[in-house]
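Participant: Can you keep this structure in mind? I'll have questions shortly.
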Amino acid sequence: MNSMGRPIRSGVGGFADGVKYVFQGLGWVARNPGQWLFGLIPALLALVLYIVALVLLGTYAGDLAAWATPFADGWNTGLRETLRVLLGLVVFALGLVLSVVTFTAATLAIGDPFYEKLSERVEEDLGGVEVVAELPLWRSVLRSLRDSVVTLGYVLMFTIPLFFLGFVPVIGQTVVPVLGAAVSGFFLTVELTALAMERRGLARRQRFAVLRADKAPALGFGVLLFLVFLVPLGAVVAMPAAVAGATIMVRERLAPQLPVEGRAHA
């Protein structure tokens, strides 16, 4: 049981608990529409930046393919152009995949002050939490950027091999999508729970340890959000609810028994 007297479930039950926290986050922003609008600001800014980046990638994907295949310059024109078109499509598809798995990290880094405040308001609404020490804004933003870069490194370590395995017949259409959703979902939860866990004094390694020790709800929460984020504009609309739900999950399930020792510095 956790410190609130609720049984801790693993497996399918724990996965369902993670899904439940997504809906609790949606419920919270539905009751607080002003906070939902407040949380949309950084998500919309990140969306604009990603659209510009994808447009540029689409515009220059052919040039990148030509640069990467100088050995094909002497080939038959049709064969050379076919290779470069296919490679350009692969580059753009990889960019789309990376945009999905990195959007949350980028949005949280851009909107750290917004989501910090939103997460605090969720805590206050549920009874408050004592914070002994606050980081200055500039240090908070730097911390968010640093942790996002580290998490992104882990994401890329899994996502890029899975992307290319996706072209393997059979497993690329069955096993790989499931593994991809699980990996992306887990790291979405890592990013989204960071604010509430740091409020309880957990540094990055400690946060990973907490989530690894109770993976089922972390996966349930993150996989559902990953699927929502695949829907056009889903990540923008759902981001405030995702932050709220992650805060509730940390408070009730992941780290309710941990005393607050001030903001983590590592």
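Naming scheme: A, B, ... for chains in displayed order of the structure tokens; residues 1 onward per chain; ligands 1 onward as shown.
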Output as CSV one row per residue of region 133-215 of chain A within 12 Å of region 73-92 of chain A: the closest atom pair and its distance in Å to one decimal place, counting only C-alpha atoms, sorted by chain and residue number ascending.
Facilitator:
residue,atom,partner,partner_atom,distance
A:Ile160,CA,A:Val91,CA,11.5
A:Phe163,CA,A:Val90,CA,9.8
A:Phe164,CA,A:Val90,CA,9.4
A:Gly166,CA,A:Val90,CA,11.5
A:Phe167,CA,A:Val90,CA,10.4
Participant: Residues of region 65-94 of chain A classed as alpha helix (DSSP H) by DSSP on the backbone are to be reported as a ChimeraX atom specification.
Facilitator: /A:65-68,77-94
Participant: So what do you get for CA of Met197 (chain A) versus CA of Arg251 (chain A), distance-wise?
Facilitator: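 A separation of 8.7 Å between them.
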Participant: Using only C-alpha atoms, find the one residue out of A:Ala196, A:Leu145, A:Ala203, A:Val29 that sits nearest to Glu123 (chain A).
Facilitator: A:Ala196
Participant: Would you mind telling me which residue in A:Val48, A:Val175, A:Met239, A:Leu156 lies nearest to Leu26 (chain A) when using only C-alpha atoms?
Facilitator: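 Between A:Val48, A:Val175, A:Met239, A:Leu156, the residue approaching Leu26 (chain A) most closely is A:Met239.
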Participant: Just checking: using only C-alpha atoms, which residue out of A:Leu64, A:Val101, A:Val22, A:Leu142 ends up closest to Pro113 (chain A)?
Facilitator: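 Looking only at the distances to Pro113 (chain A), the closest residue turns out to be A:Leu142.
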Participant: Would you pick out the contacts of Asp125 (chain A) at 12 Å or less, using only C-alpha atoms, so that residues sharing its chain but fewer than 6 positions from it are not included, and give the list as number ranges by chain?
Facilitator: A: 28-29, 31-32, 118-119, 244, 247-248, 251
Participant: Write out as a list of chain:residue names the residues lying within 10 Å of Ser99 (chain A), counting only C-alpha atoms and excluding same-chain residues fewer than 5 positions away.
Facilitator: A:Leu47, A:Tyr50, A:Ile51, A:Ala53, A:Leu54, A:Ala93, A:Leu94, A:Thr104, A:Ala106
Participant: Region 176-191 of chain A: which residues within 7 Å, counting only C-alpha atoms, same-chain residues fewer than 2 positions away excluded, as a VMD selection string?
Facilitator: chain A and resid 101 104 to 105 155 159 162 165 to 166 171 to 174 193 to 194 218 to 219 221 to 223 226
Participant: What does the distance from CA of Ala213 (chain A) to CA of Leu152 (chain A) come to in Å, to one decimal?
Facilitator: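 CA of Ala213 (chain A) sits 20.8 Å away from CA of Leu152 (chain A).
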Participant: So that I can see what lies close to Phe15 (chain A), please list as JSON, numbers by chain the residues with an atom at most 7 Å from it, counting only C-alpha atoms and leaving out residues fewer than 3 positions away in the same chain.
Facilitator: {"A": [11, 12, 18, 19, 216, 217, 219, 220]}
Participant: What's around Gly234 (chain A) at 12 Å? Count only C-alpha atoms, leave out sequence neighbours fewer than 5 positions away in its own chain, and write the answer as a VMD selection string.
Facilitator: chain A and resid 40 43 to 44 47 100 103 to 104 224 to 229 239 to 242
Participant: Which of these, A:Ala68, A:Phe23, A:Glu116, A:Val55, has the shortest distance to Ala238 (chain A) once you count only C-alpha atoms?
Facilitator: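 Of the candidates, the smallest distance to Ala238 (chain A) is held by A:Phe23.
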